[in-house]
Amino acid sequence: MGWFNTFINSSLGKKFIMALTGSFLIIFLIIHLIGNITLYFGPDAFNGYVKTLDVIKPLIRIIELVLLSAFIFHIFNGVRLWLENKQARPVTYKVNGSPENTTLFSRTMFVSGSVIFIFLVLHLGTFFWRFNVHDPQQLADSHQYYDIVVGFFQIWWYVLLYVIAMILLGFHLNHGFQSAFQTFGWNHKKYTPLIKKIGTAYAIIMAVGFASMPIYFFFFYGGNQ
Amino acid sequence: MTKLESKVPAGHISEKWTNHKFNMKLVNPSNKRKYTIIVVGTGLAGASAAASFGELGYNVLAFTFHDSARRAHSIAAQGGINASKNYQNDGDSTFRLFYDTAKGGDFRAREANVYRLAEVSGNIIDQCVAQGVPFAREYGGLLDNRSFGGAQVSRTFYARGQTGQQLLLGAVSALNRQIDKGTVKLFTRREMLDVVIVDGQAKGIIVRNLVTGEIEKYAAHAVVLATGGYSNVFFLSTNAMNCNATAIWRAHKKGAFFGNPCFTQIHPTCLPLHGESQSKLTLMSESLRNDGRVWVSKKKNDMRHPNDIPEEERDYYLERKYPSYGNLAPRDISSRAAKEVCDEGRGVNGGDAVYLDFSDAIKRLGKKVIEERYGNLFEIYETITGENPYEVPMKIYPAPHYTMGGLWVDYNLMSTVPGLFVIGEANFSDHGANRLGASALMQGLADGYFVIPYTMGDYLATYKPAAVKTDHPEFEKAAKEVKDLTNKLLSIKGKRTVDDLHKQLGRIMWNKVGMARSEQGLKEAIQEIRQLREEFWKNVNIPGSGEDVNQTLERAGRLADYFELGELMAIDALHRNESCGGHFRVEYQYEDGEAKRDDENFSYVAAWEFKDVGNWELHKEQLVFEYVKPSVRSYK
Amino acid sequence: MEAKKLNLKLKIWRQKNSNSVGSFVDYDVQVSPDASFLEMLDELNNRLEANNEEPIVFESDCREGICGTCGLVINGHPHGPLPKIATCQLHMRNFKDGETIWVEPFRAKAFPVIKDLMVDRSGFDKILQAGGYISVNTGGAPDANSIPVPKDAASEAFDAAACIGCGACVAACKNASAMLFVSAKISHLGLLPQGQPERYIRVQRMIKVMDELGFGSCTNTYACEAECPKGISVTNIARMNRDYVRAKFTSKIAEV
């Protein structure tokens, strides 16, 4: 397996890992968003959805494991690339022309990624930890998932952070989507413009889709009374 | 008594090279690695030679003053490369290419060399295609050709307007392969400042490391110079900023004769000057003349916009004077014709420029076809001038471009110094008094790929040159001379800058040793150059030291040589009482202004032996024409 | 008939050698709008030399945009603010009277500054020497027309081969990545039938050397394509990625 080590430690291999793990996360986000939409259909729908996931727990655990490794590799490689790439230019330019020759999205991947990471930690702490670790049995019985989520969506700073993170997620995805295709070597005069459009549409749907929930529950939902 | 032996083999011209290859001595494969060859310059000739030597198994030390081999000025050749493949079925043959080249050179080249050049031309194309040079192709996947000045067949292979670049990348890739294999060691950022001769044989070179300033010594069994031409003696030329004559000039001072120094080519299609700060002239590929029509106003000092000058008031002077070749008349003829109309005051706005007009071609072929053929050239033009050639005719004017003269070499490409070979533009070459378009690339690669690999083997096997180390007293002596010269230059601390003096020399050369030369002008030029040289050695200022990067010092060293070379060019031009090719003496012309060649008295190569600064001895190599009969070179 | 001269303030990076720390030095110049950027520097250098000051070291050669020797970062852009030209093709008519212009060298760990604006780009050649060629000896080639090459393949190969090796891609990339350059070379040869036999070994060897030299890696910002004087496309990078993955996962040749 020497060749595989060489591959994943090469500059191209690291990019490839980013694209591969990124692609998996892209698919995961679609499923995650579809699931979350049940929030709009009231407590029964959402709690039912969470319970359904409970039923297929072993499968979910496997998926979660894959997901976790995708995140770890994505983040680990991202940080590693960022550090290495910074070293590749020890003296920086006085005048930087990058606003004219690159997009904001592509330039800010590390920043958007870092914010998303902070959000992720918080997100796991608030929801994943509570749902899975912190006395899940009691939660399952009382069907309080919905209440927990909506409860958090009443906290102004949490909503603000959530929305900012989702905007940056959109930034990250807008570049990441088409970037993955490029890294896999799928760049074609005929299809690449379309892929870029799909990527932008996807990024907007994800950002708007996820951000709409805290906004909705903060501004328009009268509470759980 | 002449010291020149051309070593042209006996036999019919079509068999000379074949017989010679058979008769030459060979170096046993296992002995090749015992020989070291120095190649200076990594343009088409140098890179192809170094790569070929490496493939054969020799140890090669290659040198370039650039940071990379692929920067050599061959890269800027735009138009194409000739080869007598006859892929177009239009009657081309080795003999026709030979004939065209010899005639194009105004019968001042060695017949056997020119024939050999035509003979190997096809192999060059094969070699380049195999290396991955992306030549232009037809839809069927086979190679495309275009026509070029001085020929009535389409034999020019091209890669858009960047043929030189693609050929050089090919040759350098072959060189890189040998570097990878370890047969070639490449030394970049080294400028050759002297050749070392031990017991009458070239055994090494002295170079300056352009980064550290160190003077370094390298020894070998033979030395090959592939260092290009000397058009920069004019200051303004189409050559790259760093092209220079120093390597061949220092070799000349060490005993290599200089052949036909006055044969310089003025290229007809360059961009005109914009002002005093102009640093060089930009060439527009001659291929533009395939579809562009050259004209000026019939009136003097016509200040109208070109599109406002009606058809009947335009003078398509090339088509008028040379109906059968028209806009494709050879370079020297086109250049001189441009100068004539401008001297009459009929140039663009009465100045030094003529129009090159594509409006007819765009009407005939459509903008798309023209864009496909010349798109990048048009872009370059617009970038530089700010004018769109699809709408406004281009303005062009002749500029020094290529030097047919160079170090004299025999049929084996060896100079008068045993073991010192000269290839490409640096030698006095196969182009006689004038080079046809798309022939420089051909010659560079012919010399490097297909001639010198054979003749070098013959030299090594015949002479069996002994190995010399760099601690030999001759090396010490040469290195000391170079150091002394550097210190001398740095210690002058005068008032004038190098560029200032170079510009002044350039003006003398352009006005008096340029396109039209006269006895009086040349005599004046010699005096003026001598005076300026004296001033240089008293009054030049070079800031900084010799111990690190010092570009002024580099340029000063080159300029010092240009003063001597410029003088020799004027002396050569003065002695050659005839007009031929790029050498036009106003005293020797027919009534209609055509060049008057004097075959009876001047059918020879003038090879100058350096005696002392300002003192040369002339040797003559008579040219014998058995297969092409010198005729008045008419393109009417 | 020279046009009115422009008055400009130049802020030029001066650095004694690779070990010293550089800084910007101010120069006021007057220049004709028809002059090129490098001719302006020539004039300035001539003035400095006349005052016995050390001139600004910068590199250039052909001044026609083909040799790839020149390369300055002007106001944050390699080869200046105009697209698809080399520094030597930039003319002063593109600047406004009174403008301040910042001139910096190409900056990358793999391109150390030698002096002032002159950098060492020899890394590029090391990459090329690791397989950027087709192995064919002089003299052994078959007739040129025995290998038909489809016109569009030749044309696409040419588009990649048009690279002048100036290093602007590295200078422009926020990661100082050399992938546009390397991929252009790999594509040029990989698109032609002649380049097929060594296609998968070539890509592995060249990338190995590229990685060793300290260039950054590609994050697909495409600044390289935007700043490339020859408009080399990032499609080449995609092709290189594909070839590399294929070479690593399916090729039977030994590890390189």
# chains A, B, ... in the order shown; residues from 1 in each chain; ligands from 1
$ residues_around --residues "Glu111 in chain B" --least-positions-apart "4" --cutoff "10 Å" --atoms "only C-alpha atoms" --output "list in words"
Val8, Ile13, Phe98, Tyr99, Thr101, Ala102, Phe107, Tyr115, Arg116, Leu117, Asp430, Gly432, Leu623, Val624, Phe625, Glu626, Tyr627 and Val628 of chain B
$ residues_around --residues "Asn220 in chain C" --least-positions-apart "3" --cutoff "10 Å" --atoms "only C-alpha atoms" --output "list in words"
Lys15, Thr102, Ser106, Arg107, His175, Gly176, Gln178, Ser179, Ala180, Gln182 and Thr183 of chain A; Cys173, Ser217, Ala223, Cys224, Val234, Ile237 and Ala238 of chain C
$ write_last_selection --atoms "all heavy atoms" --output "tab-separated table (two decimals), in the first residue's frame"
chain	number	residue	atom	x	y	z
A	15	LYS	N	-5.92	17.01	-2.13
A	15	LYS	CA	-7.07	17.65	-2.78
A	15	LYS	C	-8.18	16.64	-3.02
A	15	LYS	O	-9.36	16.91	-2.84
A	15	LYS	CB	-6.65	18.18	-4.18
A	15	LYS	CG	-5.92	19.45	-4.19
A	15	LYS	CD	-5.41	19.72	-5.60
A	15	LYS	CE	-6.50	19.62	-6.65
A	15	LYS	NZ	-6.31	20.47	-7.81
A	102	THR	N	-10.10	36.33	-8.35
A	102	THR	CA	-10.72	35.14	-7.76
A	102	THR	C	-12.08	35.52	-7.18
A	102	THR	O	-12.38	36.70	-7.03
A	102	THR	CB	-9.89	34.58	-6.58
A	102	THR	OG1	-9.67	35.65	-5.66
A	102	THR	CG2	-8.55	34.04	-7.05
A	106	SER	N	-14.10	31.33	-3.16
A	106	SER	CA	-12.93	30.45	-3.26
A	106	SER	C	-11.81	30.92	-2.33
A	106	SER	O	-11.06	30.10	-1.81
A	106	SER	CB	-12.44	30.40	-4.70
A	106	SER	OG	-11.92	31.66	-5.10
A	107	ARG	N	-11.73	32.24	-2.12
A	107	ARG	CA	-10.66	32.77	-1.28
A	107	ARG	C	-10.87	32.47	0.19
A	107	ARG	O	-9.94	32.45	0.96
A	107	ARG	CB	-10.57	34.29	-1.42
A	107	ARG	CG	-9.90	34.81	-2.64
A	107	ARG	CD	-9.49	36.26	-2.42
A	107	ARG	NE	-10.56	37.13	-1.99
A	107	ARG	CZ	-11.44	37.70	-2.80
A	107	ARG	NH1	-11.39	37.47	-4.09
A	107	ARG	NH2	-12.38	38.51	-2.33
A	175	HIS	N	-18.39	27.18	-3.57
A	175	HIS	CA	-17.09	26.88	-4.15
A	175	HIS	C	-16.82	25.38	-4.13
A	175	HIS	O	-16.34	24.81	-5.10
A	175	HIS	CB	-15.98	27.62	-3.41
A	175	HIS	CG	-14.62	27.28	-3.93
A	175	HIS	ND1	-14.18	27.69	-5.16
A	175	HIS	CD2	-13.61	26.52	-3.41
A	175	HIS	CE1	-12.97	27.21	-5.39
A	175	HIS	NE2	-12.59	26.51	-4.33
A	176	GLY	N	-17.16	24.76	-2.99
A	176	GLY	CA	-16.82	23.36	-2.80
A	176	GLY	C	-17.45	22.43	-3.82
A	176	GLY	O	-16.82	21.50	-4.31
A	178	GLN	N	-18.45	22.88	-7.09
A	178	GLN	CA	-17.80	22.81	-8.40
A	178	GLN	C	-16.33	22.44	-8.28
A	178	GLN	O	-15.75	21.82	-9.15
A	178	GLN	CB	-18.00	24.12	-9.18
A	178	GLN	CG	-17.51	25.38	-8.48
A	178	GLN	CD	-16.09	25.75	-8.86
A	178	GLN	OE1	-15.55	25.19	-9.80
A	178	GLN	NE2	-15.51	26.65	-8.10
A	179	SER	N	-15.75	22.79	-7.13
A	179	SER	CA	-14.35	22.49	-6.89
A	179	SER	C	-14.12	20.98	-6.85
A	179	SER	O	-13.11	20.48	-7.34
A	179	SER	CB	-13.95	23.13	-5.57
A	179	SER	OG	-12.56	23.10	-5.42
A	180	ALA	N	-15.09	20.26	-6.28
A	180	ALA	CA	-14.95	18.81	-6.19
A	180	ALA	C	-14.90	18.21	-7.60
A	180	ALA	O	-14.08	17.34	-7.89
A	180	ALA	CB	-16.11	18.22	-5.40
A	182	GLN	N	-13.89	19.66	-10.30
A	182	GLN	CA	-12.58	20.01	-10.88
A	182	GLN	C	-11.50	19.06	-10.35
A	182	GLN	O	-10.67	18.56	-11.10
A	182	GLN	CB	-12.24	21.47	-10.53
A	182	GLN	CG	-10.80	21.88	-10.77
A	182	GLN	CD	-10.47	22.13	-12.23
A	182	GLN	OE1	-11.34	22.05	-13.11
A	182	GLN	NE2	-9.21	22.40	-12.53
A	183	THR	N	-11.54	18.81	-9.05
A	183	THR	CA	-10.51	17.96	-8.46
A	183	THR	C	-10.61	16.53	-8.95
A	183	THR	O	-9.60	15.86	-9.17
A	183	THR	CB	-10.61	18.01	-6.92
A	183	THR	OG1	-10.41	19.36	-6.52
A	183	THR	CG2	-9.57	17.14	-6.26
C	173	CYS	N	-1.34	32.64	-7.53
C	173	CYS	CA	-2.06	31.70	-6.67
C	173	CYS	C	-1.86	32.06	-5.21
C	173	CYS	O	-0.74	32.31	-4.78
C	173	CYS	CB	-1.56	30.29	-6.93
C	173	CYS	SG	-2.30	29.07	-5.84
C	217	SER	N	-0.56	23.77	-2.83
C	217	SER	CA	-1.44	22.94	-3.66
C	217	SER	C	-2.64	23.76	-4.12
C	217	SER	O	-2.91	24.83	-3.61
C	217	SER	CB	-1.86	21.71	-2.89
C	217	SER	OG	-2.43	22.10	-1.68
C	223	ALA	N	-7.11	31.81	-9.88
C	223	ALA	CA	-6.38	33.06	-10.09
C	223	ALA	C	-5.32	32.87	-11.17
C	223	ALA	O	-5.01	33.77	-11.94
C	223	ALA	CB	-5.70	33.50	-8.79
C	224	CYS	N	-4.77	31.65	-11.24
C	224	CYS	CA	-3.73	31.35	-12.22
C	224	CYS	C	-4.23	31.58	-13.64
C	224	CYS	O	-3.57	32.23	-14.45
C	224	CYS	CB	-3.27	29.90	-12.05
C	224	CYS	SG	-4.60	28.69	-12.04
C	234	VAL	N	-7.63	26.13	-16.75
C	234	VAL	CA	-7.57	25.22	-15.61
C	234	VAL	C	-8.12	23.84	-15.96
C	234	VAL	O	-8.00	22.91	-15.17
C	234	VAL	CB	-8.31	25.78	-14.37
C	234	VAL	CG1	-7.61	27.00	-13.83
C	234	VAL	CG2	-9.76	26.08	-14.68
C	237	ILE	N	-5.60	21.43	-15.36
C	237	ILE	CA	-5.40	20.92	-14.00
C	237	ILE	C	-6.34	19.74	-13.77
C	237	ILE	O	-5.94	18.72	-13.19
C	237	ILE	CB	-5.64	22.03	-12.94
C	237	ILE	CG1	-4.67	23.19	-13.18
C	237	ILE	CG2	-5.47	21.47	-11.54
C	237	ILE	CD1	-4.76	24.30	-12.16
C	238	ALA	N	-7.57	19.87	-14.26
C	238	ALA	CA	-8.53	18.76	-14.11
C	238	ALA	C	-7.99	17.51	-14.81
C	238	ALA	O	-8.05	16.40	-14.27
C	238	ALA	CB	-9.88	19.15	-14.69
$ residues_around --residues "Thr250 in chain C" --least-positions-apart "5" --cutoff "10 Å" --atoms "only C-alpha atoms" --output "MDAnalysis selection string"
chainID C and resid 200 244:245
$ write_last_selection --atoms "all heavy atoms" --output "PDB file, in the first residue's frame"
ATOM      1  N   TYR C 200       1.340   7.994 -18.115  1.00  0.00           N
ATOM      2  CA  TYR C 200       1.045   7.799 -16.694  1.00  0.00           C
ATOM      3  C   TYR C 200       2.285   7.790 -15.806  1.00  0.00           C
ATOM      4  O   TYR C 200       2.203   8.125 -14.626  1.00  0.00           O
ATOM      5  CB  TYR C 200       0.178   6.548 -16.515  1.00  0.00           C
ATOM      6  CG  TYR C 200      -1.170   6.771 -17.165  1.00  0.00           C
ATOM      7  CD1 TYR C 200      -1.508   6.148 -18.357  1.00  0.00           C
ATOM      8  CD2 TYR C 200      -2.062   7.688 -16.620  1.00  0.00           C
ATOM      9  CE1 TYR C 200      -2.721   6.409 -18.976  1.00  0.00           C
ATOM     10  CE2 TYR C 200      -3.268   7.962 -17.232  1.00  0.00           C
ATOM     11  CZ  TYR C 200      -3.599   7.325 -18.413  1.00  0.00           C
ATOM     12  OH  TYR C 200      -4.794   7.603 -19.016  1.00  0.00           O
ATOM     13  N   TYR C 244      -3.511  11.602 -12.862  1.00  0.00           N
ATOM     14  CA  TYR C 244      -2.751  11.203 -11.674  1.00  0.00           C
ATOM     15  C   TYR C 244      -3.490  10.111 -10.907  1.00  0.00           C
ATOM     16  O   TYR C 244      -2.905   9.114 -10.496  1.00  0.00           O
ATOM     17  CB  TYR C 244      -2.505  12.420 -10.783  1.00  0.00           C
ATOM     18  CG  TYR C 244      -1.596  12.145  -9.615  1.00  0.00           C
ATOM     19  CD1 TYR C 244      -0.255  11.857  -9.814  1.00  0.00           C
ATOM     20  CD2 TYR C 244      -2.072  12.183  -8.305  1.00  0.00           C
ATOM     21  CE1 TYR C 244       0.591  11.604  -8.748  1.00  0.00           C
ATOM     22  CE2 TYR C 244      -1.232  11.931  -7.235  1.00  0.00           C
ATOM     23  CZ  TYR C 244       0.102  11.649  -7.458  1.00  0.00           C
ATOM     24  OH  TYR C 244       0.939  11.395  -6.396  1.00  0.00           O
ATOM     25  N   VAL C 245      -4.796  10.314 -10.732  1.00  0.00           N
ATOM     26  CA  VAL C 245      -5.593   9.315 -10.002  1.00  0.00           C
ATOM     27  C   VAL C 245      -5.564   7.998 -10.773  1.00  0.00           C
ATOM     28  O   VAL C 245      -5.335   6.929 -10.199  1.00  0.00           O
ATOM     29  CB  VAL C 245      -7.040   9.814  -9.808  1.00  0.00           C
ATOM     30  CG1 VAL C 245      -7.906   8.708  -9.241  1.00  0.00           C
ATOM     31  CG2 VAL C 245      -7.048  11.025  -8.889  1.00  0.00           C
TER      32      VAL C 245
END
$ atom_distance --atom1 "CA of Ile362 in chain B" --atom2 "CA of Met303 in chain B"
25.0 Å
$ interface_residues --of "chain A" --to "chain C" --cutoff "6 Å" --atoms "only C-alpha atoms" --output "list in words"
Ser11, Asn85, Ala88, Arg89, Val95, Asn96, Gly97, Asn101, Thr102, Ser106, Gln182, Gly185 and Asn187 of chain A
$ decode --residues "range 71-130 of chain C" --atoms "C-alpha atoms" --output "CSV table (one decimal), in the first residue's frame"
chain,number,residue,atom,x,y,z
C,71,GLY,CA,7.5,38.9,-14.6
C,72,LEU,CA,6.7,41.6,-12.1
C,73,VAL,CA,3.7,41.9,-9.8
C,74,ILE,CA,2.3,45.3,-10.6
C,75,ASN,CA,-0.4,46.7,-8.3
C,76,GLY,CA,-1.0,43.1,-7.1
C,77,HIS,CA,-1.2,41.5,-10.5
C,78,PRO,CA,1.5,39.3,-12.0
C,79,HIS,CA,2.3,41.0,-15.4
C,80,GLY,CA,0.1,43.9,-14.5
C,81,PRO,CA,-3.6,44.6,-14.5
C,82,LEU,CA,-4.3,43.7,-18.2
C,83,PRO,CA,-5.3,40.2,-19.1
C,84,LYS,CA,-3.3,37.9,-21.3
C,85,ILE,CA,-0.1,39.8,-21.6
C,86,ALA,CA,3.4,39.5,-20.2
C,87,THR,CA,5.0,42.4,-18.3
C,88,CYS,CA,7.0,43.4,-21.4
C,89,GLN,CA,3.8,43.9,-23.4
C,90,LEU,CA,2.2,46.3,-20.8
C,91,HIS,CA,2.2,49.8,-22.1
C,92,MET,CA,2.1,53.0,-20.1
C,93,ARG,CA,-1.0,54.2,-21.8
C,94,ASN,CA,-2.9,51.9,-19.5
C,95,PHE,CA,-2.0,54.0,-16.5
C,96,LYS,CA,-3.3,57.4,-15.4
C,97,ASP,CA,-1.3,60.5,-14.9
C,98,GLY,CA,-0.4,60.9,-11.2
C,99,GLU,CA,-1.0,57.2,-10.4
C,100,THR,CA,1.0,55.3,-7.8
C,101,ILE,CA,2.3,51.9,-9.0
C,102,TRP,CA,3.5,49.2,-6.7
C,103,VAL,CA,6.1,46.9,-8.2
C,104,GLU,CA,6.9,43.6,-6.4
C,105,PRO,CA,8.7,40.4,-7.4
C,106,PHE,CA,6.9,37.1,-7.8
C,107,ARG,CA,6.6,35.8,-4.3
C,108,ALA,CA,6.8,32.2,-3.4
C,109,LYS,CA,9.0,29.9,-1.3
C,110,ALA,CA,9.9,28.0,-4.4
C,111,PHE,CA,10.9,31.2,-6.2
C,112,PRO,CA,13.4,32.9,-3.9
C,113,VAL,CA,14.3,36.4,-4.7
C,114,ILE,CA,17.9,36.7,-6.1
C,115,LYS,CA,18.0,40.5,-6.1
C,116,ASP,CA,15.4,43.2,-6.3
C,117,LEU,CA,12.8,42.0,-8.7
C,118,MET,CA,14.7,39.0,-10.0
C,119,VAL,CA,13.7,35.6,-8.7
C,120,ASP,CA,14.9,32.0,-9.1
C,121,ARG,CA,12.4,29.9,-11.0
C,122,SER,CA,14.7,27.0,-11.6
C,123,GLY,CA,12.1,24.8,-9.9
C,124,PHE,CA,10.1,24.8,-13.1
C,125,ASP,CA,13.0,23.2,-15.0
C,126,LYS,CA,13.5,20.6,-12.3
C,127,ILE,CA,9.9,19.5,-12.8
C,128,LEU,CA,10.3,19.4,-16.6
C,129,GLN,CA,13.5,17.4,-16.2
C,130,ALA,CA,11.5,14.8,-14.4
